[in-house]
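So this one's data.csv, CSV, C-alpha atoms and all ligand atoms:
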chain,number,residue,atom,x,y,z
U,1,MET,CA,21.9,-1.5,7.3
U,2,ILE,CA,19.2,-3.1,5.2
U,3,LEU,CA,19.6,-6.4,3.4
U,4,TYR,CA,17.0,-7.2,0.8
U,5,PHE,CA,15.8,-9.7,-1.7
U,6,SER,CA,13.2,-8.9,-4.4
U,7,GLY,CA,12.1,-10.9,-7.5
U,8,CYS,CA,9.8,-8.4,-9.2
U,9,GLY,CA,10.6,-5.1,-7.5
U,10,ASN,CA,8.0,-4.7,-4.8
U,11,SER,CA,10.4,-5.5,-2.0
U,12,ARG,CA,13.2,-3.5,-3.6
U,13,TYR,CA,10.9,-0.5,-3.6
U,14,VAL,CA,10.1,-0.9,0.1
U,15,ALA,CA,13.8,-1.5,0.9
U,16,GLU,CA,14.9,1.5,-1.1
U,17,GLU,CA,12.3,3.7,0.6
U,18,LEU,CA,13.1,2.5,4.1
U,19,ALA,CA,16.8,3.0,3.4
U,20,ARG,CA,16.2,6.5,2.2
U,21,LEU,CA,13.9,7.4,5.1
U,22,LEU,CA,16.1,5.8,7.7
U,23,ASP,CA,19.3,7.2,6.0
U,24,THR,CA,20.9,3.8,6.1
U,25,LYS,CA,22.8,1.6,3.5
U,26,LEU,CA,21.1,-1.0,1.4
U,27,PHE,CA,22.6,-4.2,0.1
U,28,PRO,CA,21.3,-7.4,-1.7
U,29,ILE,CA,21.1,-10.2,0.8
U,30,LEU,CA,22.6,-12.5,-1.8
U,31,ALA,CA,25.7,-10.4,-1.9
U,32,PRO,CA,26.1,-8.8,1.6
U,33,PRO,CA,29.1,-6.6,2.3
U,34,LEU,CA,31.6,-8.6,4.4
U,35,GLN,CA,34.7,-7.6,6.4
U,36,ASP,CA,38.0,-9.5,6.1
U,37,ASP,CA,36.9,-11.8,8.9
U,38,GLY,CA,33.7,-12.6,7.0
U,39,THR,CA,31.4,-10.7,9.4
U,40,LEU,CA,28.8,-8.0,8.5
U,41,PRO,CA,30.2,-4.5,8.9
U,42,LEU,CA,27.8,-3.3,11.6
U,43,ALA,CA,28.7,-0.4,13.9
U,44,GLU,CA,27.9,-0.4,17.6
U,45,GLY,CA,24.2,0.4,18.1
U,46,GLU,CA,23.3,-0.1,14.4
U,47,THR,CA,19.9,-1.4,13.2
U,48,LEU,CA,19.7,-4.4,10.9
U,49,GLY,CA,16.6,-4.6,8.6
U,50,ILE,CA,15.7,-7.5,6.3
U,51,VAL,CA,13.3,-6.8,3.5
U,52,CYS,CA,11.9,-9.5,1.2
U,53,PRO,CA,8.7,-11.0,-0.3
U,54,ILE,CA,6.6,-13.7,1.3
U,55,TYR,CA,6.7,-17.0,-0.4
U,56,ALA,CA,4.2,-19.5,0.9
U,57,TRP,CA,3.6,-17.6,4.2
U,58,ASP,CA,7.3,-17.4,5.1
U,59,VAL,CA,10.4,-15.6,3.9
U,60,PRO,CA,11.8,-17.3,0.8
U,61,ARG,CA,14.1,-20.1,1.7
U,62,LEU,CA,17.0,-18.4,-0.1
U,63,VAL,CA,16.6,-15.5,2.4
U,64,ARG,CA,16.5,-17.9,5.3
U,65,ASP,CA,19.7,-19.6,4.0
U,66,ALA,CA,21.4,-16.2,3.4
U,67,VAL,CA,20.5,-15.1,7.0
U,68,GLN,CA,22.0,-18.4,8.3
U,69,ARG,CA,25.2,-17.6,6.5
U,70,LEU,CA,25.6,-14.2,8.2
U,71,HIS,CA,28.2,-13.8,10.9
U,72,PHE,CA,28.3,-10.9,13.4
U,73,ALA,CA,31.3,-9.4,15.2
U,74,VAL,CA,29.0,-6.6,16.4
U,75,LYS,CA,25.4,-7.6,17.0
U,76,PRO,CA,22.7,-5.2,15.7
U,77,ALA,CA,21.0,-3.2,18.5
U,78,TYR,CA,17.6,-3.5,16.8
U,79,CYS,CA,16.4,-5.9,14.1
U,80,PHE,CA,13.3,-5.6,11.9
U,81,LEU,CA,11.7,-7.6,9.2
U,82,ALA,CA,9.7,-5.9,6.5
U,83,CYS,CA,8.0,-8.2,4.0
U,84,THR,CA,5.8,-7.6,1.0
U,85,CYS,CA,3.0,-10.0,0.2
U,86,GLY,CA,0.0,-10.2,-2.2
U,87,ASP,CA,-2.3,-10.7,0.8
U,88,THR,CA,-1.2,-12.4,4.0
U,89,ALA,CA,2.1,-13.3,5.7
U,90,GLY,CA,1.1,-16.2,7.9
U,91,ALA,CA,3.3,-16.9,10.9
U,92,VAL,CA,6.4,-15.3,9.4
U,93,ASP,CA,7.0,-13.3,12.5
U,94,LYS,CA,7.3,-16.3,14.7
U,95,HIS,CA,9.4,-18.3,12.1
U,96,PHE,CA,11.8,-15.4,11.5
U,97,ALA,CA,12.2,-14.7,15.2
U,98,LYS,CA,13.2,-18.4,15.7
U,99,LEU,CA,15.7,-18.1,12.8
U,100,LEU,CA,17.3,-15.0,14.3
U,101,GLN,CA,17.5,-16.7,17.6
U,102,THR,CA,19.7,-19.3,16.1
U,103,LYS,CA,22.1,-16.4,15.3
U,104,GLY,CA,21.8,-15.1,18.8
U,105,LEU,CA,19.7,-12.1,17.6
U,106,HIS,CA,16.4,-10.8,18.7
U,107,LEU,CA,13.7,-9.8,16.2
U,108,ASP,CA,12.3,-6.5,17.5
U,109,SER,CA,9.6,-5.6,14.9
U,110,VAL,CA,7.9,-7.1,11.8
U,111,PHE,CA,5.9,-5.2,9.2
U,112,SER,CA,4.0,-6.6,6.2
U,113,PHE,CA,3.1,-4.5,3.1
U,114,VAL,CA,0.4,-5.7,0.8
U,115,MET,CA,1.7,-5.2,-2.7
U,116,PRO,CA,0.6,-6.4,-6.2
U,117,GLU,CA,0.6,-10.2,-6.6
U,118,THR,CA,3.4,-11.9,-8.6
U,119,TYR,CA,2.5,-15.6,-8.1
U,120,VAL,CA,0.6,-16.9,-11.1
U,121,ASN,CA,1.8,-20.5,-11.3
U,122,LEU,CA,-1.4,-22.2,-10.2
U,123,PRO,CA,-5.0,-22.0,-11.6
U,124,GLY,CA,-6.9,-19.4,-9.6
U,125,PHE,CA,-3.8,-17.4,-8.7
U,126,ASN,CA,-4.0,-14.2,-10.7
U,127,LEU,CA,-2.4,-10.8,-10.9
U,128,ASP,CA,-4.2,-7.8,-9.4
U,129,SER,CA,-6.2,-5.5,-11.8
U,130,PRO,CA,-4.4,-2.3,-12.7
U,131,GLU,CA,-6.7,-0.5,-10.3
U,132,SER,CA,-5.9,-2.8,-7.5
U,133,GLU,CA,-2.1,-2.5,-8.2
U,134,ARG,CA,-2.3,1.3,-8.1
U,135,ARG,CA,-4.4,1.2,-4.9
U,136,LYS,CA,-2.0,-1.2,-3.1
U,137,ILE,CA,1.1,0.8,-4.0
U,138,ALA,CA,-0.6,4.1,-3.0
U,139,VAL,CA,-1.4,2.6,0.4
U,140,VAL,CA,2.2,1.4,0.9
U,141,ARG,CA,3.7,4.7,-0.3
U,142,GLU,CA,1.5,6.5,2.3
U,143,ARG,CA,2.4,4.1,5.1
U,144,LEU,CA,6.2,3.9,4.6
U,145,PRO,CA,7.1,7.2,6.5
U,146,GLU,CA,5.2,6.0,9.6
U,147,VAL,CA,6.8,2.6,9.5
U,148,ALA,CA,10.2,4.3,9.2
U,149,ARG,CA,9.4,6.5,12.2
U,150,ARG,CA,8.5,3.4,14.2
U,151,ILE,CA,11.7,1.7,13.3
U,152,ALA,CA,13.7,4.8,14.0
U,153,SER,CA,12.2,5.0,17.5
U,154,ARG,CA,12.9,1.2,17.9
U,155,GLU,CA,9.3,0.1,18.7
U,156,GLN,CA,8.8,-3.5,19.6
U,157,VAL,CA,5.9,-4.2,17.3
U,158,VAL,CA,4.3,-6.8,15.0
U,159,ASP,CA,2.3,-4.9,12.4
U,160,MET,CA,1.3,-7.5,9.8
U,161,LYS,CA,-1.7,-9.3,8.3
U,162,ALA,CA,-1.2,-12.9,9.2
U,163,GLY,CA,-4.5,-14.3,7.6
U,164,ALA,CA,-6.3,-17.5,8.6
U,165,MET,CA,-4.5,-20.5,10.1
U,166,PRO,CA,-1.0,-18.9,10.0
U,167,ALA,CA,0.7,-21.8,11.8
U,168,LEU,CA,-0.6,-24.4,9.3
U,169,LYS,CA,0.2,-22.3,6.3
U,170,SER,CA,3.7,-21.3,7.3
U,171,GLY,CA,4.4,-24.9,8.5
U,172,LEU,CA,2.9,-27.8,6.7
U,173,VAL,CA,1.6,-25.9,3.6
U,174,ASN,CA,4.9,-24.1,3.2
U,175,ASN,CA,6.7,-27.5,3.2
U,176,MET,CA,4.3,-29.0,0.7
U,177,PHE,CA,4.6,-25.9,-1.5
U,178,TYR,CA,8.4,-26.1,-1.6
U,179,SER,CA,8.5,-29.9,-2.2
U,180,MET,CA,5.7,-30.0,-4.8
U,181,LEU,CA,5.4,-26.6,-6.5
U,182,ILE,CA,8.8,-24.8,-6.5
U,183,THR,CA,10.2,-26.0,-9.8
U,184,ASP,CA,11.4,-24.6,-13.1
U,185,LYS,CA,10.6,-27.8,-15.0
U,186,LYS,CA,7.4,-26.2,-16.3
U,187,PHE,CA,8.9,-23.1,-17.8
U,188,HIS,CA,9.0,-23.0,-21.5
U,189,VAL,CA,9.2,-20.3,-24.2
U,190,ASP,CA,7.1,-19.6,-27.3
U,191,ASP,CA,8.0,-18.4,-30.8
U,192,ASN,CA,7.5,-14.7,-29.7
U,193,CYS,CA,10.9,-14.9,-28.0
U,194,ILE,CA,13.3,-12.4,-29.6
U,195,SER,CA,16.5,-13.8,-27.9
U,196,CYS,CA,17.1,-10.6,-26.0
U,197,GLY,CA,18.4,-12.3,-22.9
U,198,LYS,CA,16.4,-10.2,-20.5
U,199,CYS,CA,15.2,-13.3,-18.6
U,200,ALA,CA,18.7,-14.5,-18.0
U,201,GLU,CA,19.8,-11.0,-17.0
U,202,VAL,CA,17.0,-10.6,-14.3
U,203,CYS,CA,17.5,-14.0,-12.7
U,204,GLN,CA,19.5,-13.3,-9.5
U,205,LEU,CA,20.1,-17.0,-9.1
U,206,HIS,CA,21.8,-17.3,-12.5
U,207,ASN,CA,19.4,-20.1,-13.3
U,208,ILE,CA,18.9,-19.2,-16.9
U,209,VAL,CA,21.5,-19.8,-19.7
U,210,MET,CA,20.9,-18.7,-23.3
U,211,HIS,CA,21.6,-21.4,-25.8
U,212,ASP,CA,20.8,-21.1,-29.5
U,213,GLY,CA,19.0,-17.8,-28.7
U,214,ARG,CA,16.6,-19.5,-26.2
U,215,PRO,CA,16.5,-19.5,-22.4
U,216,HIS,CA,17.2,-22.8,-20.6
U,217,TRP,CA,16.4,-23.2,-16.9
U,218,GLN,CA,19.0,-24.9,-14.8
U,219,ARG,CA,17.0,-26.5,-12.0
U,220,HIS,CA,18.0,-24.2,-9.1
U,221,CYS,CA,15.0,-21.8,-9.3
U,222,THR,CA,13.1,-20.2,-6.5
U,223,ASN,CA,10.1,-19.3,-8.6
U,224,CYS,CA,10.5,-15.6,-8.0
U,225,MET,CA,8.9,-15.2,-11.4
U,226,ALA,CA,11.2,-12.3,-12.6
U,227,CYS,CA,12.0,-14.1,-15.8
U,228,TYR,CA,8.3,-14.5,-16.6
U,229,HIS,CA,7.2,-11.0,-15.6
U,230,TYR,CA,10.1,-9.0,-17.2
U,231,CYS,CA,10.1,-10.8,-20.6
U,232,PRO,CA,9.3,-8.0,-23.1
U,233,LYS,CA,7.4,-10.4,-25.3
U,234,ASN,CA,5.5,-12.3,-22.6
U,235,ALA,CA,7.0,-15.3,-24.3
U,236,ILE,CA,7.6,-17.4,-21.1
U,237,HIS,CA,5.0,-19.7,-19.8
U,238,PHE,CA,4.7,-22.0,-16.7
U,239,GLY,CA,2.9,-25.1,-17.9
U,240,LYS,CA,-0.6,-23.9,-18.9
U,241,ALA,CA,-1.2,-22.1,-15.6
U,242,THR,CA,0.1,-18.7,-16.7
U,243,ARG,CA,-1.8,-18.6,-20.0
U,244,GLY,CA,-3.5,-15.3,-20.5
U,245,LYS,CA,-2.6,-14.0,-17.1
U,246,GLY,CA,-0.4,-11.0,-18.1
U,247,GLN,CA,2.7,-9.6,-16.4
U,248,TYR,CA,3.6,-7.3,-13.5
U,249,TYR,CA,6.7,-5.9,-12.0
U,250,PHE,CA,7.1,-2.8,-9.8
U,251,GLY,CA,7.5,0.3,-12.0
U,252,HIS,CA,6.0,-1.1,-15.1
U,253,LYS,CA,4.0,1.6,-17.0
U,254,ASP,CA,0.6,1.0,-15.5
U,255,SER,CA,1.5,0.7,-11.8
U,256,GLN,CA,2.9,4.2,-11.3
U,257,SER,CA,0.3,6.5,-12.8
E,301,LIG,C1,6.7,-18.2,-5.1
E,301,LIG,C2,5.8,-17.1,-4.5
E,301,LIG,C3,5.0,-17.4,-3.4
E,301,LIG,C4,4.2,-16.4,-2.9
E,301,LIG,N1,3.5,-16.7,-1.7
E,301,LIG,C5,2.7,-15.7,-1.1
E,301,LIG,C6,2.0,-15.9,0.1
E,301,LIG,O1,2.1,-17.0,0.7
E,301,LIG,N2,1.2,-14.9,0.6
E,301,LIG,C7,1.1,-13.8,-0.1
E,301,LIG,O2,0.3,-12.9,0.4
E,301,LIG,N3,1.7,-13.5,-1.2
E,301,LIG,C8,2.5,-14.4,-1.8
E,301,LIG,N4,3.2,-14.2,-2.9
E,301,LIG,C9,3.2,-12.8,-3.5
E,301,LIG,C10,4.4,-12.0,-3.2
E,301,LIG,O3,4.8,-12.2,-1.8
E,301,LIG,C11,4.2,-10.5,-3.5
E,301,LIG,O4,3.7,-10.3,-4.7
E,301,LIG,C12,5.5,-9.8,-3.2
E,301,LIG,O5,5.3,-8.4,-3.1
E,301,LIG,C13,6.5,-10.0,-4.4
E,301,LIG,O6,7.7,-9.3,-4.0
E,301,LIG,P1,8.9,-8.9,-5.1
E,301,LIG,O7,8.3,-8.1,-6.1
E,301,LIG,O8,9.8,-8.2,-4.2
E,301,LIG,O9,9.4,-10.2,-5.6
E,301,LIG,C14,4.1,-15.2,-3.5
E,301,LIG,C15,4.8,-14.9,-4.7
E,301,LIG,C16,5.7,-15.9,-5.2
E,301,LIG,C17,6.5,-15.6,-6.4
E,302,LIG,S1,13.2,-12.3,-22.0
E,302,LIG,FE1,11.6,-13.2,-23.3
E,302,LIG,S2,12.1,-12.5,-25.4
E,302,LIG,FE2,14.0,-12.2,-24.1
E,302,LIG,S3,15.2,-14.0,-24.4
E,302,LIG,FE3,13.9,-14.3,-22.5
E,302,LIG,S4,12.1,-15.4,-23.3
E,302,LIG,FE4,13.1,-14.5,-25.1
E,303,LIG,S1,14.6,-18.8,-13.3
E,303,LIG,FE1,13.5,-19.0,-11.3
E,303,LIG,S2,14.8,-17.8,-9.9
E,303,LIG,FE2,15.4,-17.2,-12.0
E,303,LIG,S3,14.1,-15.4,-12.5
E,303,LIG,FE3,13.0,-17.2,-13.3
E,303,LIG,S4,11.6,-17.8,-11.6
E,303,LIG,FE4,13.2,-16.4,-10.7

Please rewrite the model in this file as structure tokens.
Amino acid sequence: MILYFSGCGNSRYVAEELARLLDTKLFPILAPPLQDDGTLPLAEGETLGIVCPIYAWDVPRLVRDAVQRLHFAVKPAYCFLACTCGDTAGAVDKHFAKLLQTKGLHLDSVFSFVMPETYVNLPGFNLDSPESERRKIAVVRERLPEVARRIASREQVVDMKAGAMPALKSGLVNNMFYSMLITDKKFHVDDNCISCGKCAEVCQLHNIVMHDGRPHWQRHCTNCMACYHYCPKNAIHFGKATRGKGQYYFGHKDSQS
């Protein structure tokens, strides 16, 4: 079984491909299947995979919280984490192993996939060029069957790009990022908005309500940026930081050719 979270589709693509290649079921981690006793319906000897993006060199906190809520009648025989990131994943392997330990589980393997960037909320943080998008996706597409093979043969492996100073980034910097930068107070919408409601529809946290034809953010945002990237009129802005930066989501017309 694979449980996944994805804001802009990169991790959903990886999760869907791994589920297909491993011939296993796929569920959103925010709505996992539960048995009557509240436990995850795992069979004896089954593998559990978690697929999600990297936010500030760790798994998103909503993924961490969702894992903490899981209960197991049967423990998975093998656990893997596959995360997508724009560049580097920090010490996510060590942090996630500790998290699983609190559930009595062992993290057997970790893979990171470098995918197109979705974070544009600060000056200097930009999208990939269309060429870079295509290249990153092509590399991942090519690598997925090999990763699936390694998971199927239950390798104990950490195959990820940690980057410089992983402990600092996944620790102190992650804490600062969440306390200072994860906010929806800076979202606003311009006159190009056509009141289509797409932003509210794609928000998996139900953080957007439409009122008088305009989106209103409800203060429980994880900054996944789906509302911003999927808006058909590019009418959503995050302060001044996103001005002129464009949009990306997996499967948009330019990334697949
Ligand atoms: C809030 C936020 C924080 C991010 N932090 C990192 C990071 O620390 N390192 C990195 O390489 N990419 C980072 N990214 C980029 C995403 O991890 C990457 O684009 C990912 O593939 C997005 O997955 P998704 O399309 O499934 O949402 C961040 C993106 C967001 C929205
Ligand atoms: S997706 Fe864009 S155009 Fe549609 S309602 Fe939201 S802000 Fe307006
Ligand atoms: S409101 Fe926040 S959580 Fe919802 S789609 Fe937008 S960025 Fe993601």

Box dimensions and centre (Å, one decimal) enclosing ligand LIG 303 (chain E), axis-aligned, 4 Å extra per side, as AutoDock Vina command-line options:
--center_x 13.5 --center_y -17.2 --center_z -11.6 --size_x 11.8 --size_y 11.6 --size_z 11.4

Got a sec to check which residues lie within 12 Å of ligand LIG 303 (chain E), using all atoms listed in the file, and send them as a ChimeraX atom specification? /U:5-9,60-62,118-121,181-189,197-210,215-231,236-238

Work out how far atom CA of U:Leu21 is from atom CA of U:Arg149, in Å to one decimal.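 So the two atoms, atom CA of U:Arg149 and atom CA of U:Leu21, lie 8.5 Å apart.
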
Quote the spacing between atom FE3 of ligand LIG 302 (chain E) and atom CA of U:Asp128 in Å to one decimal place.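 A separation of 23.3 Å between them.
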
Please provide as a short mmCIF file (atom, residue, chain, number, x, y, z; two decimals) with C-alpha atoms, in the coordinates of the input all residues within 9 Å of U:Phe250, with the sequence filter that same-chain residues fewer than 6 positions apart are discarded (counting only C-alpha atoms).
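As a result, around.cif now contains:
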data_model
loop_
_atom_site.label_atom_id
_atom_site.label_comp_id
_atom_site.auth_asym_id
_atom_site.auth_seq_id
_atom_site.Cartn_x
_atom_site.Cartn_y
_atom_site.Cartn_z
CA CYS U 8 9.80 -8.40 -9.20
CA GLY U 9 10.60 -5.10 -7.50
CA ASN U 10 8.00 -4.70 -4.80
CA SER U 11 10.40 -5.50 -2.00
CA ARG U 12 13.20 -3.50 -3.60
CA TYR U 13 10.90 -0.50 -3.60
CA PRO U 116 0.60 -6.40 -6.20
CA GLN U 256 2.90 4.20 -11.30
#

I want to know what sits within 7 Å of stretch 72-88 of chain U, based on only C-alpha atoms, with residues of the same chain fewer than 6 positions away left out; could you give that as number ranges by chain? U: 10-11, 39-40, 42-54, 106-117, 154, 161-163

With distances taken over only C-alpha atoms, which of U:Asp58, U:Glu131, U:Glu146, U:Glu17 is nearest to U:Gly171?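 Of U:Asp58, U:Glu131, U:Glu146, U:Glu17, the one nearest U:Gly171, counting only C-alpha atoms, is U:Asp58.
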
May I ask which of the residues U:Arg214, U:Arg134, U:Arg143, U:Arg20 is the closest one to ligand LIG 302 (chain E), counting all atoms listed in the file? U:Arg214

Determine the nearest neighbour of U:Asn192 from the options U:Ala235, U:Val14, U:Ile29, U:Met1, counting only C-alpha atoms.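 Going through U:Ala235, U:Val14, U:Ile29, U:Met1 one by one, the smallest distance to U:Asn192 is for U:Ala235.
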
Nearest to ligand LIG 302 (chain E), chosen from U:His252, U:His211, U:Arg64, U:Lys240, with only C-alpha atoms and all ligand atoms counted in the distances: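 Of U:His252, U:His211, U:Arg64, U:Lys240, the one nearest ligand LIG 302 (chain E), counting only C-alpha atoms and all ligand atoms, is U:His211.
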
List the neighbours of U:Leu26 out to 8 Å using only C-alpha atoms; skip same-chain residues closer than 3 positions along the sequence, and give me the result as a PDB file with C-alpha atoms, keeping the file's coordinate frame.
ATOM      1  CA  MET U   1      21.900  -1.500   7.300  1.00  0.00           C
ATOM      2  CA  ILE U   2      19.200  -3.100   5.200  1.00  0.00           C
ATOM      3  CA  LEU U   3      19.600  -6.400   3.400  1.00  0.00           C
ATOM      4  CA  TYR U   4      17.000  -7.200   0.800  1.00  0.00           C
ATOM      5  CA  ALA U  15      13.800  -1.500   0.900  1.00  0.00           C
ATOM      6  CA  GLU U  16      14.900   1.500  -1.100  1.00  0.00           C
ATOM      7  CA  ALA U  19      16.800   3.000   3.400  1.00  0.00           C
TER       8      ALA U  19
END

What gap, in Å, lies between atom CA of U:Phe27 and atom C13 of ligand LIG 301 (chain E)?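 Those two atoms sit 17.7 Å apart.
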
Among the residues U:Ala66, U:Val59, U:Leu22, U:Val157, the one that comes closest to ligand LIG 301 (chain E) [using only C-alpha atoms and all ligand atoms]: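 Looking only at the distances to ligand LIG 301 (chain E), the closest residue turns out to be U:Val59.
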
Check the smallest atom-to-atom distance from each of U:Lys25, U:Lys103, U:Lys136, U:Lys98 to ligand LIG 301 (chain E) using only C-alpha atoms and all ligand atoms, then report the winner.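 So, comparing all the options, the nearest one is U:Lys136.
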